[in-house]
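Colleague: To start, I am sharing the structure in question, which I have written as C-alpha cells.
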Amino acid sequence: MPAADRLVILDRDGVINRDSDDYVKSLEEWIPYPDAVKAIARLHRAGWTVAVATNQSGIARGYYGVAVLETMHGRLRDLVREAGGEIAHIAYCPHGPGDDCNCRKPLPGLLEEIREALSLDNLEGSWMVGDSLRDLQAGEPMGCRPVLVRTGKGRRTEEKGEGLQGAMVFDDLATFVDWLLARKGKAQAGQ
Ligand SMILES: O=P(O)(O)OC[C@@H](O)[C@H]1O[C@@H](OP(=O)(O)O)[C@@H](O)[C@@H](O)[C@@H]1O
Ligand SMILES: [Mg+2]
Ligand SMILES: [Zn+2]
C-alpha cells in the first residue's frame, strides 16, 4: 500500500503535456513533454506512487467527450509504461465552472478521489505539482506540499505571484523529480 509521503500528484495540462488556451481537444492535440513522461517513470522506479488530478471542463463545454479523454489517458499510461513506470490513478473533473461540483480544482474533490483509490487515510506530506494556482490550492487542505512548475501556464502563475507562499518552484517536472530523488535520506524517510 502506498504511503502519502511517497505520493506525487500531478496536474496534467501544462505539467505532463503541452497546454493550450484553446483546450486540448483531441489525441492529436495531446502532446506530452518527453522529459515529463521519463520523470514519472523515474519516480515509479524509485518507489514513489504517481497520480494525476486534472480539470477537464472542455467536456462540459462540449469540445470533446469522455471517450476522447480516455484515449489521451490511455496514451499517457502506455508511454509511461514504455518508459518503465506506472500511473496509479487518474482523477478528472468533467464539469464546468457553473456546475457546482466538488471536484473542479481548486476544490479538493479530485484529491479525495485519489486518496480513496489508493486506500490512504490522508494525503499529508504528499506533493501536488501544478502550473496553476488552483492546482496548489486543491492540495493545501489535504496537507499536500505545493510545487509550481514553469511549463504550461506556470510562468504566468509565477508572475502573478499571489497565493504562492510556501510553494517550491521548478522549471519543469523533470527538474522537480531530480531534486526530489536527490534528497538523500529524506526521500527514503518520506520527509
Ligand atoms: O491543467 P489541468 O487541470 O490538467 O487542465 C486544464 C484544462 O482543462 C484547461 O483548463 C481551462 O480552464 P477552465 O476549466 O476553462 O477554467 C483552460 O485553462 C485551458 O487552457 C486548459 O487547457
Ligand atoms: Mg494545468
Ligand atoms: Zn467536477
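We name chains A, B, ... following the order of the C-alpha cells; residues begin at 1 in each chain, and ligands are numbered from 1 as shown.
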Do you have, as a Markdown table, the list of residues of segment 71-146 of chain A lying at most 12 Å from segment 164-183 of chain A, each with its nearest atom pair and that distance in Å to one decimal, counting only C-alpha atoms and ordered by chain then number?
Modeller:
```
| residue | atom | partner | partner_atom | distance |
| --- | --- | --- | --- | --- |
| A:Ser126 | CA | A:Leu180 | CA | 11.7 |
| A:Trp127 | CA | A:Leu180 | CA | 9.9 |
| A:Met128 | CA | A:Ala167 | CA | 9.7 |
| A:Val129 | CA | A:Leu173 | CA | 7.8 |
| A:Gly130 | CA | A:Leu173 | CA | 9.0 |
| A:Asp131 | CA | A:Asp172 | CA | 9.3 |
| A:Ser132 | CA | A:Leu164 | CA | 10.0 |
| A:Leu133 | CA | A:Leu164 | CA | 7.3 |
| A:Arg134 | CA | A:Leu164 | CA | 10.5 |
| A:Asp135 | CA | A:Leu164 | CA | 11.1 |
| A:Leu136 | CA | A:Ala167 | CA | 8.0 |
| A:Gln137 | CA | A:Leu164 | CA | 9.2 |
| A:Gly139 | CA | A:Ala167 | CA | 11.2 |
| A:Glu140 | CA | A:Ala167 | CA | 10.2 |
| A:Cys144 | CA | A:Ala167 | CA | 10.4 |
| A:Arg145 | CA | A:Ala167 | CA | 7.3 |
| A:Pro146 | CA | A:Ala167 | CA | 4.8 |
```
Colleague: Hey, what does DSSP flag as helix (DSSP H, G or I) within segment 1-159 of chain A? Can you give it to me as a PyMOL selection string?
Modeller: chain A and resi 4-6+34-45+57-60+66-82+97-99+109-117+133-142+154-159
Colleague: Can you work out which residues are within 10 Å of ligand 2, considering only C-alpha atoms and all ligand atoms, and then hand them over as a list in words?
Modeller: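 Listing the residues within 10 Å of ligand 2 gives Leu10, Asp11, Arg12, Asp13, Gly14, Val15, Ile16, Asn17, Arg18, Asp19, Ser20, Ala53, Thr54, Asn55, Gln56, Val129, Gly130, Asp131, Ser132, Leu133, Arg134, Asp135, Val149, Thr151, Gly152, Lys153 and Gly154 of chain A.
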Colleague: With only C-alpha atoms as the basis for distance, which of A:Gly161, A:Val24, A:His44, A:Pro141 is at the shortest distance from Leu123 of chain A?
Modeller: A:Pro141
Colleague: Between A:Arg45, A:Lys38, A:His73, A:Arg6, which residue has the minimum interatomic distance to Ser26 of chain A, considering only C-alpha atoms?
Modeller: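 Of A:Arg45, A:Lys38, A:His73, A:Arg6, the one nearest Ser26 of chain A is A:His73, counting only C-alpha atoms.
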Colleague: Within chain A, find each residue whose DSSP state, derived from the backbone, is strand (DSSP E), and express the selection as number ranges by chain.
Modeller: A: 7-10, 49-55, 89-93, 127-130, 145-149, 168-170
Colleague: Hey, which residues come within 6 Å of ligand 3 if we count only C-alpha atoms and all ligand atoms? Could you give them as an MDAnalysis selection string?
Modeller: chainID A and resid 93:95 101:104
Colleague: Just write the chosen residues, C-alpha atoms, as a PDB file, in the first residue's frame.
Modeller:
```
ATOM      1  CA  CYS A  93     -13.305  16.761 -13.307  1.00  0.00           C
ATOM      2  CA  PRO A  94     -15.540  16.848 -16.426  1.00  0.00           C
ATOM      3  CA  HIS A  95     -17.598  19.762 -15.123  1.00  0.00           C
ATOM      4  CA  CYS A 101     -19.374  20.201  -8.437  1.00  0.00           C
ATOM      5  CA  ASN A 102     -16.899  19.489  -5.648  1.00  0.00           C
ATOM      6  CA  CYS A 103     -14.161  18.110  -7.871  1.00  0.00           C
ATOM      7  CA  ARG A 104     -13.159  21.112 -10.003  1.00  0.00           C
TER       8      ARG A 104
END
```
Colleague: Measuring between only C-alpha atoms and all ligand atoms, which one of A:Thr157, A:Gly163, A:Pro97, A:Pro34 shows the shortest distance to ligand 1?
Modeller: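 Going through A:Thr157, A:Gly163, A:Pro97, A:Pro34 one by one, the smallest distance to ligand 1 is for A:Pro97.
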